[in-house]
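Inspection log for the structure reproduced underneath, given as structure tokens.
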Amino acid sequence: MTKSKPYYAIVSGLCASSASFFGKLSSFGQLEDNSNKELQLLMKVLCIVIMVLLNACVWRFFVKALHTNGGTLVASLVSAASNYTVSALLGWLIFGEQTSIIWWIGTTLVMAGLLLIMTDDESNRDKSDKKLH
């Protein structure tokens with residue numbers, strides 16, 4: 001195992017939010033002028049291909065994050081946090097979406113719950129390490 005660094009989990013979350021972004025782009029309707037139907041189809045297919053490739057990257061980097069000393073909980077927390085945050089920012093910047101305070105409170109509660117679980121797991125791991133010595 002390598003030293004605990006959240007880089008892979010962050011990249012995993014960024015890839016996940018980017019994959020969602022391209023998935024949403026692929027679902028947009030027809031443009032006003034229907035003169036370039038071939039171009040529209042090509043753009044939709046390209047967005048879907050990019051989405052699939054980014055989803056493959058999500059799993060590659062998430063598995064790498066799982067192999068660090070931080071383990072499953074750290075990888076899950078950091079990946080989810082970066083995914084939620086970047087997804088909300090992309091939605092706001094690119095698509096003009098708005099998130100309510102309830103959404104942010106819910107996201108914060110999910111992150112806090114994961115953080116509590118992670119903290120409890122680390123304290124249990126420390127106790128078991130002390131018993132072994």
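By order of appearance in the structure tokens: chains A, B, ..., then residues from 1 within every chain, and ligands from 1 in the order shown.
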> So which residues touch region 42-55 of chain A within 9 Å, counting only C-alpha atoms, skipping near sequence neighbours fewer than 4 positions away, as a list in words?
Replying inline: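 Here the qualifying residues turn out to be Ser12, Cys15, Ala16, Ser18, Ala19, Ser20, Phe21, Phe22, Gly23, Lys24, Leu25, Ser26, Ser27, Phe28, Lys37, Glu38, Trp59 and Arg60 of chain A.
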>> Between CA of Tyr7 (chain A) and CA of Ala65 (chain A), what distance in Å does the model show, to one decimal?
In response: 7.7 Å
>> List as number ranges by chain the protein and nucleic acid residues near region 79-90 of chain A, meaning an atom at most 10 Å away when only C-alpha atoms are counted, but skip any in the same chain fewer than 5 places from it.
In response: A: 6-21, 58, 61-62, 65, 73-74, 95-99, 103-104, 107-108, 110-111, 114
> CA of Leu115 (chain A) to CA of Cys57 (chain A): how many Å, to one decimal?
Replying inline: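 Answer for the CA of Leu115 (chain A) to CA of Cys57 (chain A) separation: 24.6 Å.
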> as a VMD selection string, which residues of chain A does DSSP assign to alpha helix (DSSP H)?
Replying inline: chain A and resid 7 to 26 37 to 66 71 to 95 101 to 132
> Which residue out of A:Ala75, A:Leu39, A:Ile102, A:Ala112 has the minimum interatomic distance to Val63 (chain A) when only C-alpha atoms are used?
Replying inline: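 For Val63 (chain A), the nearest of the candidates is A:Ala75.
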